[in-house]
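Engineer: You'll find query30.cif just under this line, and it carries mmCIF, C-alpha atoms and all ligand atoms.
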data_coords
#
loop_
_atom_site.label_atom_id
_atom_site.label_comp_id
_atom_site.auth_asym_id
_atom_site.auth_seq_id
_atom_site.Cartn_x
_atom_site.Cartn_y
_atom_site.Cartn_z
CA MET L 1051 -35.14 -4.25 -40.63
CA ALA L 1052 -33.21 -7.08 -39.04
CA LYS L 1053 -34.01 -7.93 -35.45
CA LYS L 1054 -31.80 -6.29 -32.84
CA TYR L 1055 -30.43 -8.55 -30.16
CA THR L 1056 -29.92 -7.57 -26.55
CA LEU L 1057 -27.68 -8.83 -23.78
CA PRO L 1058 -28.73 -11.62 -21.45
CA ARG L 1059 -30.15 -10.16 -18.22
CA GLY L 1060 -27.49 -9.49 -15.60
CA THR L 1061 -24.63 -9.14 -18.11
CA TYR L 1062 -23.02 -6.09 -19.70
CA ASP L 1063 -20.51 -5.09 -22.34
CA ILE L 1064 -17.23 -3.53 -21.37
CA VAL L 1065 -17.10 -0.70 -23.89
CA PRO L 1066 -13.83 0.99 -24.99
CA GLU L 1067 -14.55 4.04 -22.79
CA ASP L 1068 -14.38 1.74 -19.76
CA GLU L 1069 -12.04 -1.02 -20.85
CA TYR L 1070 -8.92 0.91 -19.90
CA LYS L 1071 -10.19 1.03 -16.30
CA TRP L 1072 -10.14 -2.75 -16.25
CA GLN L 1073 -6.63 -2.85 -17.66
CA TYR L 1074 -5.52 -0.37 -15.03
CA ILE L 1075 -6.91 -2.52 -12.23
CA ILE L 1076 -5.42 -5.70 -13.71
CA GLU L 1077 -2.01 -4.05 -14.01
CA LYS L 1078 -2.12 -2.88 -10.38
CA PHE L 1079 -3.29 -6.33 -9.29
CA ARG L 1080 -0.43 -8.02 -11.16
CA SER L 1081 2.04 -5.53 -9.72
CA VAL L 1082 0.94 -6.24 -6.13
CA ALA L 1083 0.93 -10.00 -6.90
CA LYS L 1084 4.53 -9.80 -8.06
CA ARG L 1085 5.64 -8.05 -4.90
CA PHE L 1086 3.86 -10.64 -2.75
CA ASP L 1087 5.51 -13.45 -4.74
CA TYR L 1088 2.34 -14.78 -6.41
CA TYR L 1089 2.17 -16.52 -9.80
CA GLY L 1090 -0.67 -16.46 -12.33
CA ILE L 1091 -3.00 -19.35 -13.01
CA ALA L 1092 -5.97 -19.64 -15.39
CA THR L 1093 -8.55 -22.40 -15.33
CA PRO L 1094 -11.41 -23.17 -17.76
CA ILE L 1095 -14.60 -21.17 -17.51
CA PHE L 1096 -16.58 -24.39 -17.10
CA GLU L 1097 -15.88 -27.41 -14.92
CA LYS L 1098 -17.57 -30.68 -14.10
CA VAL L 1099 -20.45 -29.78 -11.84
CA GLU L 1100 -19.13 -31.93 -8.96
CA VAL L 1101 -16.15 -29.59 -8.61
CA PHE L 1102 -18.50 -27.02 -7.10
CA GLU L 1103 -21.05 -29.32 -5.49
CA ARG L 1104 -18.40 -30.97 -3.36
CA SER L 1105 -16.50 -27.87 -2.36
CA VAL L 1106 -18.78 -24.83 -2.37
CA GLY L 1107 -21.38 -27.16 -0.84
CA ASP L 1108 -24.49 -29.03 -1.95
CA GLU L 1109 -26.62 -26.90 0.34
CA SER L 1110 -25.06 -23.52 -0.38
CA ASP L 1111 -27.13 -20.91 -2.23
CA ILE L 1112 -24.56 -20.95 -5.02
CA VAL L 1113 -25.03 -24.65 -5.76
CA GLN L 1114 -28.73 -24.79 -4.92
CA LYS L 1115 -29.96 -21.75 -6.80
CA GLU L 1116 -27.25 -19.87 -8.62
CA MET L 1117 -25.25 -22.21 -10.80
CA TYR L 1118 -25.45 -22.13 -14.58
CA THR L 1119 -25.33 -25.83 -15.43
CA PHE L 1120 -25.61 -27.53 -18.78
CA VAL L 1121 -25.16 -30.95 -20.35
CA ASP L 1122 -22.96 -31.35 -23.40
CA ARG L 1123 -23.62 -33.53 -26.43
CA LYS L 1124 -22.49 -36.59 -24.56
CA ASN L 1125 -24.75 -35.86 -21.62
CA ARG L 1126 -21.95 -34.83 -19.29
CA LYS L 1127 -22.98 -32.26 -16.71
CA PHE L 1128 -20.94 -29.05 -16.42
CA ALA L 1129 -21.25 -25.72 -14.65
CA LEU L 1130 -20.05 -22.26 -15.62
CA ARG L 1131 -17.73 -21.48 -12.74
CA PRO L 1132 -19.48 -19.50 -9.99
CA GLU L 1133 -16.15 -18.81 -8.26
CA GLY L 1134 -12.43 -19.42 -8.62
CA THR L 1135 -11.19 -21.26 -5.54
CA ALA L 1136 -12.55 -24.74 -6.29
CA PRO L 1137 -11.16 -24.73 -9.87
CA VAL L 1138 -7.77 -23.48 -8.66
CA VAL L 1139 -7.59 -26.21 -6.03
CA ARG L 1140 -8.69 -28.78 -8.64
CA ALA L 1141 -5.88 -27.52 -10.90
CA TYR L 1142 -3.39 -27.49 -8.02
CA VAL L 1143 -4.00 -31.19 -7.37
CA GLU L 1144 -4.33 -32.18 -11.03
CA ASN L 1145 -1.05 -30.52 -11.99
CA GLY L 1146 0.82 -31.99 -9.05
CA MET L 1147 1.73 -28.57 -7.70
CA ASN L 1148 1.78 -30.00 -4.19
CA VAL L 1149 4.57 -32.35 -5.27
CA SER L 1150 6.75 -29.81 -7.04
CA ARG L 1151 6.82 -27.28 -4.21
CA GLN L 1152 5.54 -26.99 -0.72
CA VAL L 1153 3.75 -23.70 -1.05
CA SER L 1154 1.89 -22.39 -4.08
CA LYS L 1155 0.87 -18.76 -4.17
CA LEU L 1156 -1.47 -18.23 -7.09
CA PHE L 1157 -3.42 -15.33 -8.56
CA TYR L 1158 -6.17 -15.24 -11.18
CA TYR L 1159 -8.84 -13.02 -12.68
CA GLY L 1160 -11.71 -13.58 -15.05
CA PRO L 1161 -15.45 -13.98 -15.44
CA MET L 1162 -17.60 -15.93 -12.97
CA PHE L 1163 -21.30 -16.78 -13.31
CA ARG L 1164 -24.10 -16.80 -10.76
CA TYR L 1165 -27.80 -16.85 -11.45
CA ASP L 1166 -28.98 -14.29 -8.95
CA ARG L 1167 -31.37 -11.34 -9.06
CA PRO L 1168 -29.36 -8.59 -10.76
CA GLN L 1169 -28.98 -5.31 -8.90
CA ARG L 1170 -26.36 -2.62 -8.37
CA GLY L 1171 -23.04 -4.43 -7.89
CA ARG L 1172 -24.56 -7.84 -8.58
CA TYR L 1173 -24.46 -9.44 -12.00
CA ARG L 1174 -24.96 -12.87 -13.53
CA GLN L 1175 -21.65 -12.66 -15.32
CA PHE L 1176 -19.24 -10.76 -13.12
CA TYR L 1177 -15.47 -10.57 -12.93
CA GLN L 1178 -13.30 -11.55 -10.02
CA PHE L 1179 -9.68 -11.06 -9.10
CA GLY L 1180 -8.43 -13.54 -6.53
CA ILE L 1181 -5.44 -15.13 -4.83
CA GLU L 1182 -4.89 -18.51 -3.17
CA TYR L 1183 -2.04 -19.25 -0.76
CA ILE L 1184 -1.94 -23.05 -0.63
CA GLY L 1185 0.34 -25.10 1.62
CA SER L 1186 0.63 -23.20 4.88
CA ASP L 1187 -1.48 -23.21 8.02
CA HIS L 1188 0.67 -20.53 9.61
CA PRO L 1189 -1.30 -17.48 10.84
CA TYR L 1190 1.24 -15.35 8.99
CA ALA L 1191 -0.28 -16.71 5.74
CA ASP L 1192 -3.74 -15.48 6.78
CA ALA L 1193 -2.36 -12.04 7.58
CA GLU L 1194 -0.35 -11.91 4.34
CA VAL L 1195 -3.40 -12.74 2.21
CA ILE L 1196 -5.36 -10.00 3.98
CA ALA L 1197 -2.40 -7.63 3.62
CA PHE L 1198 -2.42 -8.26 -0.14
CA GLY L 1199 -6.04 -7.07 -0.36
CA SER L 1200 -5.37 -4.14 1.90
CA LEU L 1201 -2.35 -2.91 -0.11
CA PHE L 1202 -4.11 -3.48 -3.43
CA PHE L 1203 -7.08 -1.32 -2.43
CA LYS L 1204 -4.77 1.30 -0.97
CA GLU L 1205 -2.73 1.50 -4.17
CA LEU L 1206 -5.93 1.96 -6.18
CA GLY L 1207 -6.59 5.01 -4.01
CA LEU L 1208 -9.60 3.63 -2.12
CA GLN L 1209 -10.61 5.14 1.17
CA ASN L 1210 -12.95 4.06 3.94
CA VAL L 1211 -12.85 0.39 3.02
CA ARG L 1212 -13.38 -1.51 6.25
CA LEU L 1213 -11.76 -4.86 6.92
CA GLU L 1214 -13.88 -7.23 8.99
CA ILE L 1215 -12.47 -10.50 10.25
CA ASN L 1216 -13.84 -13.48 12.11
CA SER L 1217 -12.98 -17.06 12.93
CA ILE L 1218 -15.53 -19.73 12.16
CA GLY L 1219 -13.50 -22.40 13.92
CA CYS L 1220 -12.58 -25.88 12.79
CA LYS L 1221 -14.66 -29.03 12.31
CA ASP L 1222 -14.53 -29.80 16.03
CA CYS L 1223 -15.40 -26.49 17.63
CA GLY L 1224 -17.56 -25.53 14.63
CA SER L 1225 -19.89 -28.43 15.31
CA GLU L 1226 -20.17 -27.47 19.00
CA TYR L 1227 -21.18 -24.05 17.80
CA ASP L 1228 -23.69 -25.56 15.34
CA LYS L 1229 -25.32 -27.34 18.26
CA ALA L 1230 -25.54 -24.08 20.20
CA LEU L 1231 -27.11 -22.34 17.21
CA ILE L 1232 -29.69 -25.09 16.78
CA GLU L 1233 -30.57 -24.80 20.48
CA TYR L 1234 -30.94 -21.06 20.11
CA PHE L 1235 -33.06 -21.06 16.93
CA LYS L 1236 -35.25 -24.07 17.83
CA PRO L 1237 -37.93 -22.08 19.71
CA TYR L 1238 -38.24 -19.73 16.70
CA TYR L 1239 -38.36 -22.50 14.08
CA GLN L 1240 -41.82 -21.58 12.77
CA GLN L 1241 -40.77 -17.96 12.21
CA LEU L 1242 -37.76 -18.86 10.09
CA CYS L 1243 -37.83 -18.61 6.28
CA SER L 1244 -38.00 -21.88 4.36
CA ASP L 1245 -34.27 -21.67 3.47
CA CYS L 1246 -33.30 -21.26 7.11
CA LYS L 1247 -35.46 -24.21 8.13
CA LYS L 1248 -33.29 -26.29 5.83
CA ARG L 1249 -30.13 -24.60 7.09
CA MET L 1250 -31.00 -25.68 10.64
CA GLU L 1251 -30.36 -29.24 9.54
CA LYS L 1252 -27.58 -28.84 6.97
CA ASN L 1253 -25.49 -25.82 7.93
CA PRO L 1254 -26.78 -23.82 10.93
CA LYS L 1255 -24.03 -21.16 10.58
CA ARG L 1256 -25.67 -19.97 7.40
CA LEU L 1257 -28.64 -18.86 9.51
CA LEU L 1258 -26.48 -15.92 10.53
CA ASP L 1259 -26.12 -14.85 6.90
CA CYS L 1260 -29.82 -14.78 5.94
CA LYS L 1261 -31.17 -11.57 4.42
CA ASN L 1262 -34.78 -12.24 5.47
CA PRO L 1263 -35.66 -9.50 8.02
CA THR L 1264 -37.16 -11.90 10.59
CA CYS L 1265 -34.21 -14.31 10.43
CA LYS L 1266 -31.79 -11.39 10.49
CA ASN L 1267 -33.46 -10.00 13.57
CA LEU L 1268 -33.35 -13.36 15.37
CA ALA L 1269 -29.70 -13.82 14.40
CA GLN L 1270 -28.77 -10.62 16.23
CA SER L 1271 -28.94 -12.28 19.63
CA ALA L 1272 -27.64 -15.69 18.56
CA PRO L 1273 -24.54 -17.06 20.30
CA ALA L 1274 -21.23 -15.91 18.76
CA MET L 1275 -18.75 -18.35 17.28
CA LEU L 1276 -15.88 -16.62 19.03
CA ASP L 1277 -17.19 -17.90 22.37
CA TYR L 1278 -16.98 -21.47 21.09
CA LEU L 1279 -13.51 -21.52 19.50
CA ASP L 1280 -11.27 -24.26 20.86
CA GLU L 1281 -7.82 -23.35 22.10
CA LYS L 1282 -6.06 -24.03 18.80
CA CYS L 1283 -8.49 -21.97 16.76
CA GLU L 1284 -8.52 -19.16 19.29
CA ASN L 1285 -4.73 -18.97 19.35
CA HIS L 1286 -4.61 -18.99 15.57
CA PHE L 1287 -7.12 -16.14 15.42
CA LEU L 1288 -5.21 -14.12 18.02
CA LYS L 1289 -1.94 -14.62 16.12
CA VAL L 1290 -3.55 -13.45 12.88
CA GLN L 1291 -4.62 -10.29 14.68
CA GLU L 1292 -1.12 -9.77 16.07
CA TYR L 1293 0.36 -10.03 12.59
CA LEU L 1294 -2.22 -7.60 11.21
CA ASN L 1295 -1.37 -5.13 13.95
CA GLN L 1296 2.31 -5.55 13.22
CA MET L 1297 1.66 -4.91 9.51
CA ASP L 1298 -0.32 -1.81 10.43
CA ILE L 1299 -3.56 -3.06 8.92
CA PRO L 1300 -6.68 -1.82 10.74
CA PHE L 1301 -9.48 -4.35 11.19
CA GLU L 1302 -12.67 -4.97 13.13
CA VAL L 1303 -13.72 -8.34 14.51
CA ASN L 1304 -17.23 -9.14 13.30
CA ALA L 1305 -18.52 -12.39 14.77
CA ARG L 1306 -21.38 -12.43 12.23
CA ILE L 1307 -19.22 -13.15 9.19
CA VAL L 1308 -19.93 -16.72 8.13
CA ARG L 1309 -19.39 -16.55 4.33
CA GLY L 1310 -21.69 -18.26 1.86
CA LEU L 1311 -19.44 -21.12 0.79
CA ASP L 1312 -19.04 -24.35 2.74
CA TYR L 1313 -15.31 -24.92 2.38
CA TYR L 1314 -14.22 -22.37 4.97
CA ASN L 1315 -12.75 -22.92 8.42
CA LYS L 1316 -10.92 -20.68 10.90
CA THR L 1317 -10.27 -17.21 9.46
CA ALA L 1318 -13.00 -15.51 7.41
CA PHE L 1319 -12.87 -11.90 6.29
CA GLU L 1320 -14.47 -9.26 4.12
CA PHE L 1321 -13.51 -5.86 2.76
CA ILE L 1322 -16.60 -3.67 3.00
CA TYR L 1323 -17.48 -0.32 1.50
CA ASP L 1324 -20.70 0.71 3.23
CA LYS L 1325 -21.84 3.22 0.63
CA LEU L 1326 -22.29 0.45 -1.95
CA GLY L 1327 -25.56 -0.45 -0.20
CA ALA L 1328 -26.87 -4.01 -0.16
CA GLN L 1329 -23.93 -5.47 -2.11
CA ASN L 1330 -21.23 -3.81 -0.07
CA ALA L 1331 -18.53 -6.52 0.00
CA ILE L 1332 -15.75 -5.54 -2.38
CA ALA L 1333 -13.88 -8.72 -1.54
CA GLY L 1334 -14.10 -11.70 0.74
CA GLY L 1335 -12.16 -14.78 1.62
CA GLY L 1336 -10.95 -17.16 4.24
CA ARG L 1337 -9.15 -20.34 5.13
CA TYR L 1338 -10.08 -23.72 3.58
CA ASP L 1339 -7.83 -26.31 5.19
CA GLY L 1340 -9.83 -29.37 4.06
CA LEU L 1341 -10.30 -28.47 0.42
CA VAL L 1342 -7.15 -29.88 -1.17
CA LYS L 1343 -7.82 -33.22 0.50
CA GLU L 1344 -11.42 -33.08 -0.70
CA PHE L 1345 -10.04 -32.89 -4.23
CA GLY L 1346 -7.87 -35.97 -3.77
CA GLY L 1347 -4.65 -34.21 -2.77
CA ASN L 1348 -2.66 -34.54 0.45
CA ASP L 1349 -3.98 -32.91 3.58
CA THR L 1350 -2.89 -29.38 2.63
CA PRO L 1351 -4.15 -26.14 4.14
CA GLY L 1352 -5.01 -23.04 2.13
CA ILE L 1353 -6.34 -19.52 2.36
CA GLY L 1354 -7.34 -16.88 -0.18
CA PHE L 1355 -9.72 -14.14 -1.15
CA ALA L 1356 -11.52 -12.85 -4.22
CA GLY L 1357 -13.05 -9.51 -5.08
CA GLY L 1358 -15.42 -8.20 -7.71
CA PHE L 1359 -14.25 -5.79 -10.40
CA GLU L 1360 -17.70 -4.23 -10.68
CA ARG L 1361 -17.96 -3.22 -7.02
CA LEU L 1362 -14.37 -2.06 -7.08
CA ILE L 1363 -14.97 0.16 -10.12
CA LEU L 1364 -18.20 1.54 -8.62
CA THR L 1365 -16.28 2.47 -5.48
CA MET L 1366 -13.36 3.97 -7.38
CA GLU L 1367 -15.71 6.04 -9.52
CA GLU L 1368 -17.65 7.21 -6.51
CA GLN L 1369 -14.44 8.25 -4.75
CA GLY L 1370 -12.99 9.90 -7.86
CA CYS L 1371 -9.96 7.58 -7.96
CA SER L 1372 -7.68 7.70 -10.97
CA PHE L 1373 -7.80 4.92 -13.56
CA GLY L 1374 -4.66 6.09 -15.32
CA LYS L 1375 -5.25 7.33 -18.84
CA LEU L 1376 -6.19 5.86 -22.20
CA SER L 1377 -2.93 5.53 -24.17
CA LYS L 1378 -2.29 8.77 -25.97
CA ILE L 1379 -1.80 8.74 -29.73
CA ASP L 1380 1.71 9.78 -30.75
CA ILE L 1381 1.22 10.48 -34.42
CA TYR L 1382 -1.87 11.11 -36.53
CA CYS L 1383 -1.09 10.47 -40.20
CA VAL L 1384 -2.58 12.56 -42.98
CA SER L 1385 -2.20 11.77 -46.69
CA LEU L 1386 -3.30 13.67 -49.77
CA GLY L 1387 -3.71 12.15 -53.22
CA GLU L 1388 -3.79 8.58 -54.43
CA SER L 1389 -0.02 7.95 -54.51
CA ALA L 1390 0.45 9.42 -51.02
CA ASN L 1391 -2.46 7.32 -49.74
CA LEU L 1392 -0.55 4.21 -50.76
CA GLU L 1393 2.89 5.42 -49.69
CA ILE L 1394 1.73 6.37 -46.21
CA SER L 1395 0.81 2.75 -45.38
CA GLY L 1396 4.51 1.83 -45.47
CA ILE L 1397 5.45 4.80 -43.28
CA ILE L 1398 2.73 3.94 -40.76
CA MET L 1399 3.98 0.37 -40.56
CA GLN L 1400 7.56 1.54 -39.91
CA LEU L 1401 6.41 3.90 -37.19
CA ARG L 1402 4.41 1.15 -35.47
CA LYS L 1403 7.35 -1.25 -35.72
CA ALA L 1404 9.45 1.42 -34.03
CA GLY L 1405 6.95 1.52 -31.13
CA PHE L 1406 4.86 4.62 -31.83
CA ILE L 1407 1.09 4.73 -31.37
CA VAL L 1408 -0.20 5.77 -34.77
CA ALA L 1409 -3.70 6.67 -35.97
CA TYR L 1410 -4.84 7.00 -39.59
CA ASP L 1411 -8.25 7.09 -41.24
CA PRO L 1412 -8.23 6.03 -44.92
CA ASP L 1413 -11.85 7.13 -45.32
CA LYS L 1414 -11.06 10.76 -44.73
CA THR L 1415 -9.63 12.32 -47.89
CA SER L 1416 -9.68 16.11 -47.52
CA MET L 1417 -6.91 17.97 -45.71
CA LYS L 1418 -9.52 19.76 -43.61
CA ALA L 1419 -11.27 16.61 -42.39
CA GLN L 1420 -7.98 14.88 -41.62
CA MET L 1421 -6.49 17.82 -39.72
CA LYS L 1422 -9.71 18.20 -37.74
CA ALA L 1423 -9.50 14.54 -36.77
CA ALA L 1424 -5.79 14.95 -35.90
CA ASP L 1425 -6.63 17.84 -33.56
CA LYS L 1426 -9.45 15.88 -31.97
CA SER L 1427 -7.24 12.82 -31.46
CA ASP L 1428 -4.98 14.76 -29.08
CA ALA L 1429 -1.93 13.26 -30.81
CA SER L 1430 1.47 14.84 -30.27
CA PHE L 1431 2.19 15.19 -33.99
CA ALA L 1432 0.34 15.20 -37.29
CA LEU L 1433 2.43 13.67 -40.04
CA ILE L 1434 1.43 15.01 -43.44
CA LEU L 1435 2.30 13.41 -46.76
CA GLY L 1436 1.23 15.24 -49.96
CA GLU L 1437 2.43 15.35 -53.56
CA ASN L 1438 5.42 17.61 -52.77
CA GLU L 1439 6.68 15.53 -49.86
CA LEU L 1440 6.25 12.42 -51.96
CA LYS L 1441 8.62 13.94 -54.55
CA ASN L 1442 11.12 15.10 -51.87
CA LYS L 1443 11.00 11.80 -49.94
CA SER L 1444 10.03 13.84 -46.88
CA VAL L 1445 7.05 14.41 -44.60
CA ILE L 1446 5.71 17.41 -42.76
CA LEU L 1447 5.54 17.08 -39.00
CA ARG L 1448 3.21 19.43 -37.21
CA GLU L 1449 3.39 19.63 -33.48
CA LEU L 1450 -0.30 19.90 -32.71
CA LYS L 1451 -0.09 21.84 -29.47
CA SER L 1452 2.15 24.65 -30.73
CA GLY L 1453 1.20 24.47 -34.41
CA GLN L 1454 4.92 24.47 -35.28
CA GLN L 1455 5.65 22.71 -38.51
CA SER L 1456 8.81 21.36 -40.15
CA GLU L 1457 9.76 19.20 -43.09
CA THR L 1458 11.74 16.07 -42.25
CA ASN L 1459 13.48 13.61 -44.47
CA GLN L 1460 11.72 10.23 -44.48
CA ASN L 1461 14.86 8.30 -43.57
CA LYS L 1462 15.49 10.59 -40.57
CA LEU L 1463 11.88 10.35 -39.41
CA ILE L 1464 12.14 7.64 -36.74
CA GLU L 1465 15.30 9.15 -35.29
CA TYR L 1466 13.69 12.59 -35.15
CA LEU L 1467 10.43 11.38 -33.60
CA THR L 1468 12.26 9.25 -31.04
CA GLU L 1469 13.94 12.41 -29.80
CA GLN L 1470 10.70 14.41 -29.76
CA ILE L 1471 8.21 11.96 -28.22
P1 LIG U 1501 -17.45 -14.62 -2.62
O1 LIG U 1501 -17.62 -13.85 -1.37
O2 LIG U 1501 -18.58 -15.48 -3.06
O3 LIG U 1501 -16.13 -15.49 -2.44
O4 LIG U 1501 -17.11 -13.61 -3.78
C1 LIG U 1501 -16.03 -12.72 -3.67
C2 LIG U 1501 -16.40 -11.35 -4.21
O5 LIG U 1501 -16.88 -11.47 -5.55
C3 LIG U 1501 -17.53 -10.66 -3.47
O6 LIG U 1501 -17.03 -10.01 -2.31
C4 LIG U 1501 -18.01 -9.66 -4.52
O7 LIG U 1501 -17.16 -8.52 -4.55
C5 LIG U 1501 -17.83 -10.43 -5.80
N1 LIG U 1501 -19.10 -11.03 -6.25
C6 LIG U 1501 -19.67 -12.18 -5.84
N2 LIG U 1501 -20.84 -12.40 -6.48
C7 LIG U 1501 -21.02 -11.36 -7.31
C8 LIG U 1501 -22.04 -10.99 -8.28
N3 LIG U 1501 -23.09 -11.76 -8.51
N4 LIG U 1501 -21.88 -9.83 -8.96
C9 LIG U 1501 -20.80 -9.03 -8.75
N5 LIG U 1501 -19.82 -9.32 -7.87
C10 LIG U 1501 -19.91 -10.47 -7.16
C11 LIG U 1501 -15.61 -16.30 -3.38
O8 LIG U 1501 -15.97 -16.33 -4.54
C12 LIG U 1501 -14.44 -17.11 -2.89
N6 LIG U 1501 -13.96 -17.97 -3.97
C13 LIG U 1501 -13.33 -16.20 -2.37
C14 LIG U 1501 -12.14 -16.94 -1.89
C15 LIG U 1501 -10.98 -17.12 -2.52
N7 LIG U 1501 -12.06 -17.58 -0.74
C16 LIG U 1501 -10.88 -18.16 -0.64
N8 LIG U 1501 -10.21 -17.89 -1.74
#
Could you express the structure from this file as structure tokens?
Ligand code: HAM
Structural biologist:
Amino acid sequence: MAKKYTLPRGTYDIVPEDEYKWQYIIEKFRSVAKRFDYYGIATPIFEKVEVFERSVGDESDIVQKEMYTFVDRKNRKFALRPEGTAPVVRAYVENGMNVSRQVSKLFYYGPMFRYDRPQRGRYRQFYQFGIEYIGSDHPYADAEVIAFGSLFFKELGLQNVRLEINSIGCKDCGSEYDKALIEYFKPYYQQLCSDCKKRMEKNPKRLLDCKNPTCKNLAQSAPAMLDYLDEKCENHFLKVQEYLNQMDIPFEVNARIVRGLDYYNKTAFEFIYDKLGAQNAIAGGGRYDGLVKEFGGNDTPGIGFAGGFERLILTMEEQGCSFGKLSKIDIYCVSLGESANLEISGIIMQLRKAGFIVAYDPDKTSMKAQMKAADKSDASFALILGENELKNKSVILRELKSGQQSETNQNKLIEYLTEQI
């Protein structure tokens, strides 16, 4: 027997029984995007590794431990994208989008890759949906991006998703805060995990995000960023909250949100569903005002968020949300005898051209087997073509629910079915 192959760890197949759920979510996402005036963008699944090193951050967990990197045949170093913001900003600059219009509002979805320990809601290949609002530093933009997420989750039928927001300040007040954190953690240096020891030097805010129980415990009493915001950042944060209130979007301020990527400043936020357990963030995002410049563009602000399909689907399933329905078959075709088997292929093609969803199984030959399959398919009609109908240039249409049957002329077929379905 040939060897059976299995999936790489941390990946999964989207099987037909689940694929329609994904389509449902994508359709809803696109529908919300349209109403918020966003336009689609797609970037390659791999990028030069510097795209992520420079933006997500050399010292971030993603770059340090989680990136899938490879060299190609010419020894160039690439990474499978671990996230979507850096590639979108790269594309924004490379395609001169900053020149053609002042503001770009972009949406995307697709697979991302992170080498992490797989667990419920955490995969090595996972799928994100995301938006980026590039070109405005107005607090309204922050609130609108958050409002997008809020409406999207609402329209999917989700309940009890909490929105947590924070401000992590700008370069100026952020570095004052870093100093305060270093002061606070210094006496506990020896107790910190090895990652946090490094974070003390490179990015002290990440100390607040550590999952190690000792570090987590120490972080509880650390100074809060909100006490260190300068006037500009504080006003911005207050305005964002005013807009959210005006838009009727409930939120909680959580001063512990720091986010795991280095490009953020000012507003940071997460949509949390507590029952998901350890991986409870359905989506997260924030402002990244320095990123476009980092990629060689003009000094252009931006803000966005991304969410994971897997955690969203887990939540929707747990809450019994609807995923719409698999498309229902309109007509199940049944043919009897060699000539009818050939003739039916032309009829099927006409029906499909006319827009009907048609099923047919050439491997089933008996009337009994085909009618059984027709019943099982839950189609509206069975269309039967046998020797007699072939002679009469007709077909039999059987409405499967009622069992009512009638003979219809082949050239009236489309007209008749259009009225019935
Ligand atoms: P992130 O917080 O790293 O942000 O990821 C966003 C979301 O992707 C998470 O909240 C989670 O739902 C999902 N996610 C992340 N890693 C995994 C994983 N290993 N398995 C399953 N789901 C996962 C970003 O990626 C930023 N680019 C978001 C952003 C957009 N910020 C500004 N614009």
Engineer: How would you write, as number ranges by chain, the set of residues no farther than 9 Å from ligand LIG 1501 (chain U) when counting all atoms listed in the file?
Structural biologist: L: 1060, 1106, 1112, 1132-1136, 1162-1183, 1309-1311, 1313-1314, 1318, 1320-1322, 1329-1338, 1352-1362
Engineer: Do you know which residues are at most 12 Å from Gly1453 in chain L counting all atoms listed in the file, after dropping those on the same chain fewer than 2 positions away, and could you put them as a ChimeraX atom specification?
Structural biologist: /L:1421,1424-1425,1430-1432,1446-1451,1455-1456
Engineer: One decimal, Å: what's the distance from CA of Ser1244 in chain L over to CA of Arg1059 in chain L, could you say?
Structural biologist: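 Interatomic distance here is 26.6 Å.
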Engineer: Check the smallest atom-to-atom distance from each of L:Ser1217, L:Ala1083, L:Asn1348, L:Lys1378 to Gln1152 in chain L using only C-alpha atoms, then report the winner.
Structural biologist: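 The closest residue to Gln1152 in chain L is L:Asn1348.
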Engineer: How many Å separate CA of Ser1186 in chain L from CA of Ile1218 in chain L?
Structural biologist: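 Value for the CA of Ser1186 in chain L-CA of Ile1218 in chain L distance: 18.1 Å.
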Engineer: Find the distance between CA of Val1303 in chain L and CA of Ile1215 in chain L and write it in Å to one decimal.
Structural biologist: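 Taking CA of Val1303 in chain L and CA of Ile1215 in chain L, their separation equals 4.9 Å.
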Engineer: Give me, as an MDAnalysis selection string, all polymer residues having an atom no more than 10 Å from range 1260-1273 of chain L, counting only C-alpha atoms and skipping those fewer than 4 positions away in the same chain.
Structural biologist: chainID L and resid 1227:1228 1230:1235 1238:1239 1241:1243 1245:1246 1249 1255:1256 1277:1278 1305:1306 1310 1328
Engineer: So, with all atoms listed in the file as the atoms that count, which of L:Arg1212, L:Phe1406, L:Gly1199, L:Leu1156 lies closest to Glu1465 in chain L?
Structural biologist: L:Phe1406
Engineer: Write out as a VMD selection string which residues come within 8 Å of range 1294-1302 of chain L when counting all atoms listed in the file, dropping same-chain ones fewer than 3 positions away.
Structural biologist: chain L and resid 1193 1197 1200 1212 to 1215 1290 to 1291
Engineer: Compare L:Lys1084, L:Lys1229, L:Lys1422, L:Lys1441 by their minimum atom-to-atom distance to Ser1389 in chain L, counting only C-alpha atoms, and give me the closest one.
Structural biologist: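 The shortest atom-to-atom distance to Ser1389 in chain L comes from L:Lys1441.
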Engineer: As an NGL selection string, please: the residues near Phe1202 in chain L (cut-off 8 Å, only C-alpha atoms, same-chain neighbours under 4 positions excluded).
Structural biologist: :L and (1078-1079 or 1082 or 1198 or 1206)
Engineer: Tell me which of L:Tyr1074, L:Val1342, L:Asp1087, L:Val1113 sits closest to Pro1137 in chain L, counting only C-alpha atoms.
Structural biologist: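 Among the listed residues, L:Val1342 lies closest to Pro1137 in chain L.
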